[in-house]
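Coordinates from run.cif are shown below (mmCIF, C-alpha atoms).
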```cif
data_input
loop_
_atom_site.label_atom_id
_atom_site.label_comp_id
_atom_site.auth_asym_id
_atom_site.auth_seq_id
_atom_site.Cartn_x
_atom_site.Cartn_y
_atom_site.Cartn_z
CA MET U 216 -38.96 -3.57 9.68
CA LYS U 217 -37.03 -1.78 6.93
CA ALA U 218 -35.13 0.25 9.54
CA LEU U 219 -34.18 -2.94 11.39
CA VAL U 220 -32.79 -4.58 8.24
CA ILE U 221 -30.84 -1.46 7.20
CA ALA U 222 -29.51 -1.00 10.74
CA ALA U 223 -28.33 -4.63 10.82
CA ALA U 224 -26.57 -4.10 7.49
CA ARG U 225 -24.96 -0.90 8.80
CA VAL U 226 -23.64 -2.62 11.93
CA ALA U 227 -22.29 -5.49 9.81
CA GLU U 228 -20.67 -3.04 7.37
CA ALA U 229 -19.04 -1.09 10.20
CA ARG U 230 -17.63 -4.34 11.67
CA ILE U 231 -16.29 -5.50 8.31
CA ARG U 232 -14.73 -2.15 7.50
CA SER U 233 -13.17 -1.91 10.97
CA SER U 234 -11.47 -5.28 10.66
CA PRO U 235 -7.83 -4.87 9.53
CA ARG U 236 -7.81 -8.46 8.19
CA LEU U 237 -10.91 -7.95 6.06
CA ARG U 238 -9.70 -4.56 4.83
CA LYS U 239 -6.43 -6.13 3.75
CA ALA U 240 -8.32 -8.92 1.97
CA GLY U 241 -10.48 -6.31 0.23
CA ARG U 242 -7.40 -4.42 -0.97
CA ARG U 243 -5.89 -7.68 -2.26
CA ALA U 244 -9.12 -8.53 -4.09
CA MET U 245 -9.14 -5.08 -5.73
CA ALA U 246 -5.49 -5.46 -6.76
CA LEU U 247 -6.26 -8.88 -8.29
CA LEU U 248 -9.32 -7.48 -10.04
CA ALA U 249 -7.19 -4.73 -11.54
CA LYS U 250 -5.01 -7.38 -13.18
CA VAL U 251 -7.92 -9.25 -14.77
CA SER U 252 -8.84 -6.92 -17.64
CA PRO U 253 -8.74 -3.27 -18.75
CA GLU U 254 -12.40 -2.92 -17.70
CA ALA U 255 -11.68 -4.29 -14.25
CA ARG U 256 -8.66 -2.01 -13.95
CA ALA U 257 -10.81 0.97 -14.96
CA PHE U 258 -13.40 0.00 -12.36
CA VAL U 259 -10.74 -0.21 -9.67
CA ARG U 260 -9.30 3.14 -10.67
CA ILE U 261 -12.68 4.81 -10.62
CA ARG U 262 -13.77 3.14 -7.39
CA LEU U 263 -10.55 3.91 -5.61
CA MET U 264 -10.53 7.46 -6.86
CA ARG U 265 -11.21 9.76 -4.01
CA MET U 266 -12.88 13.13 -4.15
CA VAL U 267 -9.90 14.89 -2.65
CA MET Q 521 -9.14 2.36 -26.54
CA GLN Q 522 -10.79 3.29 -23.29
CA ALA Q 523 -12.36 0.62 -21.11
CA TRP Q 524 -16.13 0.65 -21.38
CA VAL Q 525 -16.42 1.11 -17.60
CA SER Q 526 -14.56 4.43 -17.91
CA VAL Q 527 -16.66 5.51 -20.88
CA VAL Q 528 -19.93 4.73 -19.08
CA ALA Q 529 -18.83 6.37 -15.81
CA ARG Q 530 -17.70 9.50 -17.66
CA GLU Q 531 -20.94 9.73 -19.64
CA VAL Q 532 -23.07 9.25 -16.53
CA PHE Q 533 -21.19 12.16 -14.90
CA ARG Q 534 -21.27 14.30 -18.06
CA ARG Q 535 -25.00 13.84 -18.53
CA GLU Q 536 -25.54 14.21 -14.77
CA ARG Q 537 -27.58 11.03 -14.54
CA ILE Q 538 -26.29 9.64 -11.28
CA PRO Q 539 -29.21 8.19 -9.27
CA ALA Q 540 -30.14 10.12 -6.12
CA ARG Q 541 -29.06 7.23 -3.87
CA VAL Q 542 -25.53 7.21 -5.34
CA ARG Q 543 -25.34 11.02 -5.23
CA TRP Q 544 -26.17 10.82 -1.53
CA TRP Q 545 -23.46 8.16 -1.03
CA PHE Q 546 -20.93 10.25 -2.95
CA VAL Q 547 -21.68 13.49 -1.11
CA ALA Q 548 -21.55 11.75 2.28
CA GLU Q 549 -18.25 10.09 1.35
CA GLY Q 550 -16.97 13.42 0.00
CA MET Q 551 -17.80 15.25 3.25
CA ILE Q 552 -16.11 12.58 5.37
CA GLU Q 553 -13.03 12.72 3.16
CA TRP Q 554 -13.04 16.53 3.42
CA TYR Q 555 -13.20 16.37 7.22
CA THR Q 556 -10.45 13.73 7.25
CA LEU Q 557 -8.23 15.82 4.99
CA LEU Q 558 -8.79 18.94 7.10
CA ARG Q 559 -7.98 17.03 10.28
CA ARG Q 560 -4.70 15.85 8.78
CA GLU Q 561 -3.68 19.15 7.16
CA LEU Q 562 -4.73 21.43 10.01
CA GLY Q 563 -3.04 19.06 12.44
CA ALA Q 564 0.29 20.52 11.35
CA HIS Q 565 -0.87 23.94 12.68
CA LEU Q 566 -2.88 22.83 15.69
CA GLY Q 567 -0.56 20.42 17.46
CA GLY Q 568 -1.52 17.15 15.78
CA ALA Q 569 -4.42 15.50 14.02
CA ASP Q 570 -6.23 14.63 17.27
CA ALA Q 571 -6.20 18.25 18.41
CA ALA Q 572 -7.34 19.40 14.95
CA GLY Q 573 -10.13 16.80 15.07
CA ARG Q 574 -11.32 18.15 18.41
CA VAL Q 575 -11.38 21.72 17.04
CA LEU Q 576 -13.24 20.62 13.90
CA ALA Q 577 -15.81 18.66 15.94
CA GLU Q 578 -16.28 21.67 18.21
CA ILE Q 579 -16.83 24.17 15.39
CA SER Q 580 -19.16 21.70 13.65
CA ARG Q 581 -21.56 21.68 16.59
CA PRO Q 582 -23.40 24.90 15.55
CA LEU Q 583 -23.35 23.71 11.93
CA PHE Q 584 -25.03 20.38 12.76
CA LEU Q 585 -27.49 21.97 15.17
CA ARG Q 586 -28.45 24.58 12.57
CA ARG Q 587 -28.89 22.03 9.79
CA HIS Q 588 -30.86 19.78 12.13
CA ALA Q 589 -33.16 22.72 12.96
CA VAL Q 590 -33.67 23.38 9.22
CA LEU Q 591 -34.58 19.70 8.69
CA HIS Q 592 -36.82 19.66 11.76
CA GLU Q 593 -38.76 22.62 10.39
CA ARG Q 594 -39.27 20.75 7.11
CA VAL Q 595 -39.98 17.36 8.71
CA PRO Q 596 -41.69 17.93 12.09
CA SER Q 597 -41.63 14.20 12.89
CA LEU Q 598 -37.86 14.45 13.42
CA PRO Q 599 -36.70 14.96 17.02
CA ALA Q 600 -35.68 18.47 17.99
CA PRO Q 601 -31.99 19.40 17.65
CA ASP Q 602 -30.09 18.24 20.70
CA ALA Q 603 -26.31 18.38 21.04
CA GLY Q 604 -26.46 15.62 23.67
CA HIS Q 605 -27.78 12.81 21.50
CA ALA Q 606 -30.31 13.28 18.68
CA THR Q 607 -28.27 15.53 16.38
CA GLY Q 608 -25.26 13.20 16.40
CA LEU Q 609 -27.40 10.16 15.60
CA LEU Q 610 -29.28 11.89 12.78
CA MET Q 611 -26.21 13.50 11.22
CA GLY Q 612 -24.10 10.36 11.60
CA GLY Q 613 -26.87 8.42 9.86
CA LEU Q 614 -27.05 10.95 7.04
CA TYR Q 615 -23.24 10.77 6.65
CA ARG Q 616 -23.51 6.96 6.41
CA ILE Q 617 -20.94 6.70 9.15
CA ALA Q 618 -20.98 2.88 9.11
CA SER Q 619 -19.16 3.10 5.77
CA ALA Q 620 -16.36 5.17 7.30
CA PRO Q 621 -15.16 3.69 10.57
CA GLY Q 622 -12.69 5.98 12.26
CA ALA Q 623 -14.59 9.14 11.25
CA GLU Q 624 -16.98 9.10 14.23
CA TRP Q 625 -15.01 11.97 15.81
CA ILE Q 626 -16.78 14.38 13.41
CA PHE Q 627 -19.93 14.05 15.54
CA ASP Q 628 -18.29 14.23 18.96
CA GLY Q 629 -19.60 17.78 19.47
CA VAL Q 630 -23.22 16.67 19.05
CA GLY Q 631 -23.39 13.53 21.16
CA GLY Q 632 -21.57 11.14 18.86
CA ALA Q 633 -22.46 9.12 15.77
CA PRO Q 634 -24.57 5.94 15.79
CA ARG Q 635 -22.52 3.01 17.10
CA SER Q 636 -24.82 0.28 18.42
CA PHE Q 637 -27.57 -1.58 16.58
CA ARG Q 638 -30.14 0.42 18.54
CA ASP Q 639 -28.49 3.72 17.50
CA HIS Q 640 -28.61 2.70 13.85
CA VAL Q 641 -32.27 1.63 14.09
CA THR Q 642 -33.13 4.99 15.64
CA ALA Q 643 -31.20 6.95 12.98
CA GLU Q 644 -32.77 4.91 10.15
CA ARG Q 645 -36.28 5.47 11.53
CA TRP Q 646 -35.67 9.21 11.74
CA MET Q 647 -34.27 9.36 8.22
CA GLN Q 648 -37.14 7.46 6.61
CA PRO Q 649 -39.31 10.54 5.87
CA LEU Q 650 -36.33 12.13 4.08
CA SER Q 651 -36.17 11.23 0.41
CA LEU Q 652 -32.82 10.25 -1.10
CA GLU Q 653 -32.84 13.55 -2.99
CA ALA Q 654 -33.41 15.45 0.27
CA ARG Q 655 -30.53 13.60 1.95
CA TRP Q 656 -28.20 14.50 -0.93
CA GLU Q 657 -29.28 18.15 -0.84
CA GLU Q 658 -28.87 18.29 2.92
CA ILE Q 659 -25.31 16.96 3.03
CA ALA Q 660 -24.29 19.11 0.05
CA ASN Q 661 -25.12 22.17 2.17
CA HIS Q 662 -22.66 21.11 4.85
CA LEU Q 663 -19.63 21.77 2.64
CA GLY Q 664 -20.25 25.51 2.50
CA GLU Q 665 -21.57 25.81 6.02
CA LEU Q 666 -18.45 24.10 7.40
CA LEU Q 667 -16.30 26.69 5.62
CA ILE Q 668 -18.35 29.47 7.22
CA ARG Q 669 -17.78 27.92 10.64
CA MET Q 670 -14.05 27.56 9.97
CA THR Q 671 -13.62 31.22 9.00
CA GLU Q 672 -15.87 32.44 11.83
CA ASP Q 673 -14.79 30.21 14.71
CA MET Q 674 -11.27 29.00 13.99
CA PRO Q 675 -9.26 32.25 13.91
CA ALA Q 676 -9.17 32.16 17.74
CA VAL Q 677 -6.98 29.05 17.55
CA LEU Q 678 -5.65 29.43 14.01
CA PRO Q 679 -5.43 33.10 12.95
CA ARG Q 680 -4.35 32.35 9.34
CA VAL Q 681 -7.10 29.82 8.74
CA ARG Q 682 -8.25 31.40 5.43
CA PRO Q 683 -4.98 31.13 3.45
CA ILE Q 684 -4.23 27.75 5.01
CA VAL Q 685 -7.60 26.30 3.97
CA GLY Q 686 -7.18 27.95 0.56
CA ASP Q 687 -3.89 26.08 0.12
CA VAL Q 688 -5.48 22.81 1.26
CA CYS Q 689 -8.25 23.34 -1.32
CA PHE Q 690 -5.73 24.07 -4.09
CA GLU Q 691 -3.66 20.96 -3.39
CA ALA Q 692 -6.81 18.82 -3.17
CA GLY Q 693 -7.91 20.23 -6.54
CA VAL Q 694 -4.57 19.38 -8.14
CA ARG Q 695 -4.80 15.78 -6.85
CA PHE Q 696 -8.41 15.42 -7.95
CA GLY Q 697 -7.68 16.92 -11.40
CA ARG Q 698 -4.71 14.60 -11.97
CA LYS Q 699 -6.61 11.52 -10.82
CA ILE Q 700 -9.62 12.23 -13.04
CA LYS Q 701 -7.36 13.10 -15.99
CA ARG Q 702 -5.55 9.76 -15.59
CA ALA Q 703 -8.62 7.65 -14.80
CA PHE Q 704 -10.58 8.88 -17.81
CA ASP Q 705 -7.55 9.47 -20.03
CA LEU Q 706 -8.56 13.11 -20.56
CA PRO Q 707 -6.60 15.50 -22.80
CA ALA Q 708 -5.25 18.82 -21.46
CA THR Q 709 -8.02 20.91 -22.99
CA PRO Q 710 -10.36 23.50 -21.49
CA GLN Q 711 -13.30 21.22 -22.34
CA ALA Q 712 -11.82 18.36 -20.31
CA ALA Q 713 -10.94 20.77 -17.48
CA LEU Q 714 -14.50 22.10 -17.30
CA GLU Q 715 -15.87 18.55 -17.46
CA THR Q 716 -13.71 17.68 -14.45
CA LEU Q 717 -14.78 20.85 -12.62
CA ARG Q 718 -18.38 19.88 -13.20
CA MET Q 719 -17.87 16.40 -11.67
CA SER Q 720 -17.17 17.79 -8.21
CA GLU Q 721 -19.69 20.63 -8.67
CA TYR Q 722 -22.38 18.10 -9.57
CA ILE Q 723 -21.80 15.96 -6.49
CA PHE Q 724 -21.92 19.00 -4.19
CA ARG Q 725 -24.85 20.58 -6.08
CA VAL Q 726 -22.85 23.65 -7.10
CA ASN Q 727 -24.33 25.51 -10.09
CA PRO Q 728 -27.28 23.13 -10.46
CA GLU Q 729 -28.25 25.01 -13.61
CA HIS Q 730 -25.20 25.84 -15.67
CA TRP Q 731 -23.95 26.69 -19.12
CA GLY Q 732 -20.60 27.42 -20.65
CA SER Q 733 -18.40 27.33 -23.68
CA THR Q 734 -14.84 26.43 -24.60
CA ASP Q 735 -12.42 27.32 -27.36
CA ASN Q 736 -9.85 24.54 -27.56
CA ALA Q 737 -7.78 26.44 -30.15
CA LYS Q 738 -7.34 29.46 -27.86
CA LYS Q 739 -7.36 27.22 -24.78
CA THR Q 740 -10.03 29.32 -23.10
CA GLY Q 741 -13.42 28.60 -21.67
CA TYR Q 742 -16.03 29.67 -19.15
CA LEU Q 743 -18.60 28.11 -16.92
CA GLU Q 744 -21.56 30.01 -15.55
CA GLY Q 745 -24.25 28.77 -13.21
CA THR Q 746 -26.80 29.37 -10.54
CA ALA Q 747 -24.44 29.34 -7.57
CA CYS Q 748 -23.86 27.09 -4.57
CA PRO Q 749 -26.71 25.76 -2.42
CA TRP Q 750 -25.18 27.42 0.65
CA TYR Q 751 -24.75 30.97 -0.69
CA THR Q 752 -27.81 32.12 1.28
CA ALA Q 753 -26.48 30.60 4.53
CA PRO Q 754 -25.83 33.17 7.28
CA GLY Q 755 -22.22 34.40 7.11
CA TRP Q 756 -21.41 33.41 3.53
CA ASN Q 757 -19.43 36.07 1.66
CA GLY Q 758 -17.10 36.62 -1.28
CA ALA Q 759 -14.02 35.49 0.63
CA HIS Q 760 -15.54 32.02 0.95
CA CYS Q 761 -16.06 31.87 -2.84
CA GLY Q 762 -12.34 32.69 -3.19
CA ILE Q 763 -11.30 29.92 -0.79
CA PHE Q 764 -13.40 27.22 -2.48
CA GLY Q 765 -12.32 28.63 -5.84
CA GLN Q 766 -8.85 27.39 -4.98
CA PHE Q 767 -10.08 23.80 -5.38
CA GLN Q 768 -11.20 24.59 -8.92
CA SER Q 769 -8.00 26.52 -9.50
CA GLY Q 770 -6.05 23.38 -8.57
CA ILE Q 771 -8.12 21.27 -11.00
CA SER Q 772 -7.54 23.83 -13.79
CA SER Q 773 -3.80 23.82 -13.14
CA ALA Q 774 -3.76 20.02 -13.60
CA PHE Q 775 -4.91 20.77 -17.16
CA GLY Q 776 -2.34 23.55 -17.67
CA LEU Q 777 -4.95 26.27 -17.26
CA LYS Q 778 -5.31 29.38 -15.15
CA TYR Q 779 -8.58 29.78 -13.29
CA MET Q 780 -10.35 33.07 -12.69
CA LEU Q 781 -13.41 33.60 -10.52
CA THR Q 782 -14.96 36.28 -12.74
CA THR Q 783 -18.39 36.79 -11.17
CA THR Q 784 -19.64 35.86 -7.72
CA ILE Q 785 -23.01 36.66 -6.22
CA PRO Q 786 -21.66 38.14 -2.94
CA LYS Q 787 -19.44 40.57 -4.88
CA HIS Q 788 -21.39 41.27 -8.07
CA GLY Q 789 -24.98 40.55 -7.04
CA GLY Q 790 -27.43 38.81 -9.35
CA HIS Q 791 -28.10 35.10 -9.30
CA THR Q 792 -25.22 33.58 -11.21
CA CYS Q 793 -21.51 32.92 -10.76
CA ARG Q 794 -18.96 32.61 -13.53
CA ILE Q 795 -15.47 31.21 -13.84
CA ASP Q 796 -13.08 31.56 -16.76
CA VAL Q 797 -10.06 29.49 -17.70
CA LYS Q 798 -7.18 30.52 -19.91
CA PRO Q 799 -3.68 29.19 -20.58
CA ILE Q 800 -1.16 29.57 -17.80
CA ALA Q 801 1.23 32.25 -19.06
CA THR Q 802 4.57 30.79 -20.05
CA PRO Q 803 7.24 32.33 -17.84
CA ILE Q 804 9.49 34.77 -19.73
CA THR Q 805 13.00 33.39 -19.87
CA LEU Q 806 15.36 36.01 -18.54
CA ARG Q 807 18.63 36.14 -20.41
CA LEU Q 808 21.58 37.89 -18.98
CA HIS Q 809 23.27 40.41 -21.25
CA LYS Q 810 26.27 38.73 -22.82
CA ASP Q 811 28.56 41.25 -21.12
CA ALA Q 812 27.02 40.52 -17.75
CA ALA Q 813 27.38 36.81 -18.40
CA ALA Q 814 31.03 37.34 -19.22
CA GLY Q 815 31.52 39.19 -15.94
CA ALA Q 816 32.13 42.58 -17.60
CA PRO Q 817 31.15 45.71 -15.61
#
```

Kindly transcribe the structure held in the file into structure tokens.
Amino acid sequence: MKALVIAAARVAEARIRSSPRLRKAGRRAMALLAKVSPEARAFVRIRLMRMV
Amino acid sequence: MQAWVSVVAREVFRRERIPARVRWWFVAEGMIEWYTLLRRELGAHLGGADAAGRVLAEISRPLFLRRHAVLHERVPSLPAPDAGHATGLLMGGLYRIASAPGAEWIFDGVGGAPRSFRDHVTAERWMQPLSLEARWEEIANHLGELLIRMTEDMPAVLPRVRPIVGDVCFEAGVRFGRKIKRAFDLPATPQAALETLRMSEYIFRVNPEHWGSTDNAKKTGYLEGTACPWYTAPGWNGAHCGIFGQFQSGISSAFGLKYMLTTTIPKHGGHTCRIDVKPIATPITLRLHKDAAAGAP
């Protein structure tokens, strides 16, 4: 059962991440969040920070 | 004043208290980003990113099959390694490929990553006996083993692979060092440099036990630890330590420091590695003799 739920979430995540419209909306949301407060900006910086 | 989110994130890294689940996410994301970066950078030498991707997927086949065999030995309920199907599903699941659409090419040499709902169910069922800690440890090993495969298998298509990958590592280290320095508002001190070095080491399980010291007045410091998880992998040698050392060298340079790989297990034996940092020497300003400047003989 657990595998079925996780697999469904994975498929949904892959679809969402593959959608250019949703990715753009996500980027806009992050940009808005960054304007809200220093904490939100810090979160965005840390989250968007890539390993390389 | 620093935002509390930054302070908490930095402390969690510094104290190495990231939960196993998040460490697994980070290491999987880190490996996918490393593959993506290599595909882009090596593309300039291999006739484009697609061609580089094909080469990387091809050389990763023995890596994934070997790691799958190691896991299968530990967890006999897993299917046997199989480049046609099982290995791609298992490894794609462990890399959390659903979080990185567009990176499925990494598993093309082993039958492809999970795509359909059924594939994901299969991969999840196989992964269930593996603890989150075991998943983190497994993926961390891939970083070193991929470098072994690159130095062993790529010279046929890219003879200068070692210096090229060394340069890619250095540039990645510079970017990472600058980003961390800016995100956490870190000063240009050896202590901050070593803290940043430890962030990437921690995620990839390098020097799991470690100790060190810094002298901010002299701008020196050292970090010693119990090596990389992959140093016992077949084919690992001192040259690989030098190539990966370039990533740390890049981080150190972002803090105005020179990095030296002082002790490595392949070269010096023992069970520990050590790196030292010291200030980058200020270039000596050459002044022309006043006569020369005046054009006199």

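What the PyMOL selection byres ((chain U) within 6 of (chain Q)) matches in the given file is Ala218, Leu219, Ala222, Arg225, Ala229, Ser233, Pro253, Glu254, Ala257, Met266 and Val267 of chain U.
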
Generate a file of the selected residues that holds C-alpha atoms, formatted as an mmCIF file, in the coordinates of the input.
```
data_model
loop_
_atom_site.group_PDB
_atom_site.id
_atom_site.type_symbol
_atom_site.label_atom_id
_atom_site.label_comp_id
_atom_site.auth_asym_id
_atom_site.auth_seq_id
_atom_site.Cartn_x
_atom_site.Cartn_y
_atom_site.Cartn_z
ATOM 1 C CA ALA U 218 -35.130 0.250 9.540
ATOM 2 C CA LEU U 219 -34.180 -2.940 11.390
ATOM 3 C CA ALA U 222 -29.510 -1.000 10.740
ATOM 4 C CA ARG U 225 -24.960 -0.900 8.800
ATOM 5 C CA ALA U 229 -19.040 -1.090 10.200
ATOM 6 C CA SER U 233 -13.170 -1.910 10.970
ATOM 7 C CA PRO U 253 -8.740 -3.270 -18.750
ATOM 8 C CA GLU U 254 -12.400 -2.920 -17.700
ATOM 9 C CA ALA U 257 -10.810 0.970 -14.960
ATOM 10 C CA MET U 266 -12.880 13.130 -4.150
ATOM 11 C CA VAL U 267 -9.900 14.890 -2.650
#
```

Revision key, fill the gap. Arg262 (chain U) proximity check over U:Met245, U:Ala223, U:Ala240, U:Ile231, using all atoms listed in the file: winner is U:Met245

Check your understanding: What does the distance between CA of Gly765 (chain Q) and CA of Pro683 (chain Q) come to in Å, to one decimal place?
Key -> 12.1 Å

Practice item. Could you check which of Q:Val630, Q:Ile668, Q:Ala713, Q:Val590 is closest to Val685 (chain Q), using all atoms listed in the file? Key: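 Closest candidate: Q:Ile668.
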
Exercise for review: Enter the distance from CA of Ala737 (chain Q) to CA of Lys778 (chain Q), in Å, rounded to one decimal.
Suggested key: 15.5 Å

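The gap separating CA of His760 (chain Q) from CA of Arg680 (chain Q) is 14.0 Å, in Å to one decimal.
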
Point to revise | Pick from Q:Arg586, Q:His605, Q:Arg541, Q:Lys738, whichever lies nearest to Leu777 (chain Q) using only C-alpha atoms | key: Q:Lys738

Practice item. Given the file shown, enumerate the residues that the PyMOL selection byres ((chain Q and resi 671) around 10) captures and present them as a list in words. Key: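 With the shown file as input, the PyMOL selection byres ((chain Q and resi 671) around 10) matches Leu666, Leu667, Ile668, Arg669, Met670, Glu672, Asp673, Met674, Pro675, Ala676, Leu678, Pro679, Arg680, Val681, Arg682, Val685, Gly755, Trp756, Ala759 and His760 of chain Q.
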
May I have the protein, DNA and RNA residues with any atom at most 12 Å from the point (-28.0, 7.2, -7.2), counting all atoms listed in the file, written as a tab-separated table (two decimals) with C-alpha atoms, in the coordinates of the input?
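New file out-v4.tsv:
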```tsv
chain	number	residue	atom	x	y	z
Q	532	VAL	CA	-23.07	9.25	-16.53
Q	533	PHE	CA	-21.19	12.16	-14.90
Q	536	GLU	CA	-25.54	14.21	-14.77
Q	537	ARG	CA	-27.58	11.03	-14.54
Q	538	ILE	CA	-26.29	9.64	-11.28
Q	539	PRO	CA	-29.21	8.19	-9.27
Q	540	ALA	CA	-30.14	10.12	-6.12
Q	541	ARG	CA	-29.06	7.23	-3.87
Q	542	VAL	CA	-25.53	7.21	-5.34
Q	543	ARG	CA	-25.34	11.02	-5.23
Q	544	TRP	CA	-26.17	10.82	-1.53
Q	545	TRP	CA	-23.46	8.16	-1.03
Q	546	PHE	CA	-20.93	10.25	-2.95
Q	547	VAL	CA	-21.68	13.49	-1.11
Q	651	SER	CA	-36.17	11.23	0.41
Q	652	LEU	CA	-32.82	10.25	-1.10
Q	653	GLU	CA	-32.84	13.55	-2.99
Q	655	ARG	CA	-30.53	13.60	1.95
Q	656	TRP	CA	-28.20	14.50	-0.93
Q	723	ILE	CA	-21.80	15.96	-6.49
```

Practice item. Could you give me, as a PyMOL selection string, the residues within 9 Å of Asp796 (chain Q), counting all atoms listed in the file and dropping anything in the same chain fewer than 5 positions from it? Key: chain Q and resi 740-744+778-782

Selected residues written out, C-alpha atoms, as a JSON list (two decimals), in the frame of the given file:
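Final output, part15.json:
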```
[["chain", "number", "residue", "atom", "x", "y", "z"],
["Q", 740, "THR", "CA", -10.03, 29.32, -23.10],
["Q", 741, "GLY", "CA", -13.42, 28.60, -21.67],
["Q", 742, "TYR", "CA", -16.03, 29.67, -19.15],
["Q", 743, "LEU", "CA", -18.60, 28.11, -16.92],
["Q", 744, "GLU", "CA", -21.56, 30.01, -15.55],
["Q", 778, "LYS", "CA", -5.31, 29.38, -15.15],
["Q", 779, "TYR", "CA", -8.58, 29.78, -13.29],
["Q", 780, "MET", "CA", -10.35, 33.07, -12.69],
["Q", 781, "LEU", "CA", -13.41, 33.60, -10.52],
["Q", 782, "THR", "CA", -14.96, 36.28, -12.74]]
```

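Applied to the shown file, the PyMOL selection byres ((chain Q and resi 711) around 10) selects the residues Leu706, Pro707, Ala708, Thr709, Pro710, Ala712, Ala713, Leu714, Glu715, Thr716, Leu717, Gly732, Ser733, Thr734, Asp735, Asn736, Lys739, Thr740, Gly741, Tyr742 and Phe775 of chain Q.
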
Exercise for review: Quick one: residues within 12 Å of (-28.6, 25.7, 12.9) (file frame), counting only C-alpha atoms, please, as a ChimeraX atom specification.
Suggested key: /Q:580-593,600-603,607,661-662,665-666,669,753-754

Point to revise | Given only C-alpha atoms as the counted atoms, nearest of Q:Gly563, Q:Ile659, Q:Asp687, Q:Lys701 to Ile771 (chain Q) | key: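 Ranking Q:Gly563, Q:Ile659, Q:Asp687, Q:Lys701 by distance to Ile771 (chain Q), first place goes to Q:Lys701.
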
With all atoms listed in the file as the counted atoms, please give the residues lying no more than 12 Å from Arg242 (chain U), apart from itself and same-chain residues fewer than 5 positions off, as a PDB file with C-alpha atoms, keeping the file's coordinate frame.
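The file below, selection25.pdb, is the result:
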```
ATOM      1  CA  ARG U 232     -14.730  -2.150   7.500  1.00  0.00           C
ATOM      2  CA  PRO U 235      -7.830  -4.870   9.530  1.00  0.00           C
ATOM      3  CA  ARG U 236      -7.810  -8.460   8.190  1.00  0.00           C
ATOM      4  CA  LEU U 237     -10.910  -7.950   6.060  1.00  0.00           C
ATOM      5  CA  LEU U 247      -6.260  -8.880  -8.290  1.00  0.00           C
ATOM      6  CA  LEU U 248      -9.320  -7.480 -10.040  1.00  0.00           C
ATOM      7  CA  ALA U 249      -7.190  -4.730 -11.540  1.00  0.00           C
ATOM      8  CA  VAL U 259     -10.740  -0.210  -9.670  1.00  0.00           C
ATOM      9  CA  ARG U 262     -13.770   3.140  -7.390  1.00  0.00           C
ATOM     10  CA  LEU U 263     -10.550   3.910  -5.610  1.00  0.00           C
TER      11      LEU U 263
END
```
